[in-house]
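One structure below.
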Amino acid sequence: MYEIWLGLNIIYETVRPALGWLLVVALLWLALLFAVVRSSRADWRKALPATLILGAFAAVATFVLGPVFTASSLSELRYWVDWAFLGGSALAAGTGAALAAWPLLAWLARRS
């Protein structure tokens, strides 16, 4: 149980300084999403493969570089909880990158 609590604290302390920026980015993303949805020319299906590739790249990059951001390394991950948090963080980062990029990619892949 201690390892889970420690992992949650590490994520909280890592994200806490950036909460203001995350709010600004979320508001900008909502504005972009609203603008793209109102545009009837966006092609959501055509942009999906590029979105999935971008999300997978972000997940792999987070998995490899994630420990560096917490002043750690992959060799220091000894417990299953450490690997679970790293994998979950990587999946969350990949999903976030894909969701953030999908409206823009759909707008760029306009129907002709």
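Letters A, B, ... go to the chains of the structure tokens in the order shown; residues in each chain start at 1; ligands are counted from 1 in the same order.
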Which residues of stretch 86-111 of chain A come within 6 Å of stretch 36-57 of chain A, and what is each one's closest atom pair and distance in Å (one decimal), counting only C-alpha atoms, sorted by chain and residue number, as CSV?
residue,atom,partner,partner_atom,distance
A:Gly94,CA,A:Gly55,CA,4.3
A:Thr95,CA,A:Gly55,CA,5.9
A:Ala97,CA,A:Gly55,CA,5.5
A:Ala98,CA,A:Gly55,CA,4.5
A:Trp102,CA,A:Thr51,CA,5.6
A:Leu105,CA,A:Ala47,CA,5.5
A:Ala106,CA,A:Trp44,CA,4.8
A:Trp107,CA,A:Ala42,CA,4.6
A:Ala109,CA,A:Asp43,CA,5.8
A:Arg110,CA,A:Ala42,CA,4.8
A:Arg111,CA,A:Arg41,CA,5.4
Those residues with C-alpha atoms, as a short mmCIF file (atom, residue, chain, number, x, y, z; two decimals), in the first residue's frame please?
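Final file, out_19.cif:
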data_model
loop_
_atom_site.label_atom_id
_atom_site.label_comp_id
_atom_site.auth_asym_id
_atom_site.auth_seq_id
_atom_site.Cartn_x
_atom_site.Cartn_y
_atom_site.Cartn_z
CA GLY A 94 -0.40 8.91 -25.16
CA THR A 95 -4.16 9.25 -24.79
CA ALA A 97 -1.60 13.63 -26.87
CA ALA A 98 -3.96 11.81 -29.22
CA TRP A 102 -7.18 14.80 -33.14
CA LEU A 105 -5.44 16.77 -37.51
CA ALA A 106 -9.10 16.40 -38.49
CA TRP A 107 -9.21 20.02 -39.50
CA ALA A 109 -7.38 16.57 -43.27
CA ARG A 110 -10.34 18.53 -44.62
CA ARG A 111 -12.79 16.93 -46.98
#
- Task: List the neighbours of stretch 74-78 of chain A out to 9 Å using only C-alpha atoms; skip same-chain residues closer than 6 positions along the sequence, and give me the result as a PyMOL selection string.
- Result: chain A and resi 64-68
Mind writing the picked residues with N, CA and C atoms as a PDB file, in the first residue's frame?
ATOM      1  N   VAL A  64       9.772   5.800 -21.786  1.00  0.00           N
ATOM      2  CA  VAL A  64      11.237   5.798 -21.752  1.00  0.00           C
ATOM      3  C   VAL A  64      11.777   6.990 -20.964  1.00  0.00           C
ATOM      4  N   LEU A  65      11.183   8.167 -21.148  1.00  0.00           N
ATOM      5  CA  LEU A  65      11.700   9.381 -20.524  1.00  0.00           C
ATOM      6  C   LEU A  65      11.030   9.733 -19.201  1.00  0.00           C
ATOM      7  N   GLY A  66       9.959   9.048 -18.857  1.00  0.00           N
ATOM      8  CA  GLY A  66       9.230   9.353 -17.623  1.00  0.00           C
ATOM      9  C   GLY A  66      10.073   9.326 -16.370  1.00  0.00           C
ATOM     10  N   PRO A  67      10.868   8.294 -16.158  1.00  0.00           N
ATOM     11  CA  PRO A  67      11.694   8.290 -14.950  1.00  0.00           C
ATOM     12  C   PRO A  67      12.689   9.443 -14.872  1.00  0.00           C
ATOM     13  N   VAL A  68      13.134   9.942 -16.014  1.00  0.00           N
ATOM     14  CA  VAL A  68      14.077  11.060 -16.012  1.00  0.00           C
ATOM     15  C   VAL A  68      13.435  12.292 -15.380  1.00  0.00           C
TER      16      VAL A  68
END
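In this structure, atom CA of A:Leu28 sits 27.2 Å away from atom CA of A:Leu8.
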- Task: Run DSSP on the backbone of this structure and report the residues of chain A it assigns to alpha helix (DSSP H), as a PyMOL selection string.
- Result: chain A and resi 2-15+19-38+44-69+80-108
Could you write out that same residue set with C-alpha atoms as a compact mmCIF listing (two decimals), in the first residue's frame?
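The resulting file, result_5.txt, is shown below:
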# COMPACT_ATOMS: atom_id res chain seq x y z
CA TYR A 2 2.90 2.34 0.75
CA GLU A 3 4.19 2.03 -2.81
CA ILE A 4 0.82 3.03 -4.26
CA TRP A 5 0.62 6.06 -1.97
CA LEU A 6 4.19 7.02 -2.86
CA GLY A 7 3.43 6.73 -6.59
CA LEU A 8 0.36 8.92 -6.26
CA ASN A 9 2.37 11.52 -4.35
CA ILE A 10 5.07 11.53 -7.02
CA ILE A 11 2.49 12.10 -9.76
CA TYR A 12 0.78 14.81 -7.70
CA GLU A 13 4.02 16.65 -6.93
CA THR A 14 5.12 16.38 -10.57
CA VAL A 15 1.86 17.76 -11.98
CA LEU A 19 -1.80 22.99 -13.06
CA GLY A 20 -2.21 26.59 -14.23
CA TRP A 21 -0.71 25.80 -17.61
CA LEU A 22 -2.79 22.64 -17.88
CA LEU A 23 -5.94 24.71 -17.34
CA VAL A 24 -4.90 27.16 -20.07
CA VAL A 25 -4.11 24.30 -22.46
CA ALA A 26 -7.46 22.65 -21.69
CA LEU A 27 -9.33 25.87 -22.45
CA LEU A 28 -7.42 26.33 -25.71
CA TRP A 29 -8.18 22.72 -26.65
CA LEU A 30 -11.89 23.26 -25.99
CA ALA A 31 -11.84 26.37 -28.19
CA LEU A 32 -10.10 24.42 -30.96
CA LEU A 33 -12.56 21.56 -30.61
CA PHE A 34 -15.51 23.95 -30.79
CA ALA A 35 -14.10 25.63 -33.91
CA VAL A 36 -13.42 22.32 -35.66
CA VAL A 37 -16.82 20.83 -34.80
CA ARG A 38 -18.55 23.92 -36.18
CA TRP A 44 -12.35 12.91 -38.35
CA ARG A 45 -12.01 9.43 -39.82
CA LYS A 46 -9.19 10.38 -42.19
CA ALA A 47 -7.19 11.90 -39.31
CA LEU A 48 -7.53 8.85 -37.04
CA PRO A 49 -4.43 6.88 -38.23
CA ALA A 50 -2.12 9.88 -37.79
CA THR A 51 -3.69 10.54 -34.40
CA LEU A 52 -3.08 6.98 -33.24
CA ILE A 53 0.54 7.07 -34.42
CA LEU A 54 1.12 10.34 -32.58
CA GLY A 55 -0.47 8.94 -29.41
CA ALA A 56 1.64 5.77 -29.58
CA PHE A 57 4.80 7.84 -30.03
CA ALA A 58 3.90 9.99 -27.04
CA ALA A 59 3.22 6.89 -24.92
CA VAL A 60 6.55 5.27 -25.82
CA ALA A 61 8.44 8.52 -25.24
CA THR A 62 6.79 8.95 -21.85
CA PHE A 63 7.56 5.37 -20.89
CA VAL A 64 11.24 5.80 -21.75
CA LEU A 65 11.70 9.38 -20.52
CA GLY A 66 9.23 9.35 -17.62
CA PRO A 67 11.69 8.29 -14.95
CA VAL A 68 14.08 11.06 -16.01
CA PHE A 69 11.44 13.67 -15.09
CA TRP A 80 5.36 -4.01 -9.88
CA VAL A 81 3.72 -0.83 -8.61
CA ASP A 82 6.54 1.24 -10.11
CA TRP A 83 6.05 -0.41 -13.49
CA ALA A 84 2.27 -0.07 -13.23
CA PHE A 85 2.53 3.66 -12.53
CA LEU A 86 5.01 4.15 -15.35
CA GLY A 87 2.81 2.21 -17.77
CA GLY A 88 -0.31 4.03 -16.64
CA SER A 89 1.41 7.38 -16.96
CA ALA A 90 2.61 6.47 -20.45
CA LEU A 91 -0.89 5.40 -21.50
CA ALA A 92 -2.35 8.60 -20.06
CA ALA A 93 0.21 10.75 -21.88
CA GLY A 94 -0.40 8.91 -25.16
CA THR A 95 -4.16 9.25 -24.79
CA GLY A 96 -3.84 12.92 -23.90
CA ALA A 97 -1.60 13.63 -26.87
CA ALA A 98 -3.96 11.81 -29.22
CA LEU A 99 -7.04 13.59 -27.88
CA ALA A 100 -5.29 16.94 -28.04
CA ALA A 101 -4.11 16.45 -31.62
CA TRP A 102 -7.18 14.80 -33.14
CA PRO A 103 -9.23 18.00 -33.71
CA LEU A 104 -6.29 19.77 -35.33
CA LEU A 105 -5.44 16.77 -37.51
CA ALA A 106 -9.10 16.40 -38.49
CA TRP A 107 -9.21 20.02 -39.50
CA LEU A 108 -5.99 19.67 -41.51
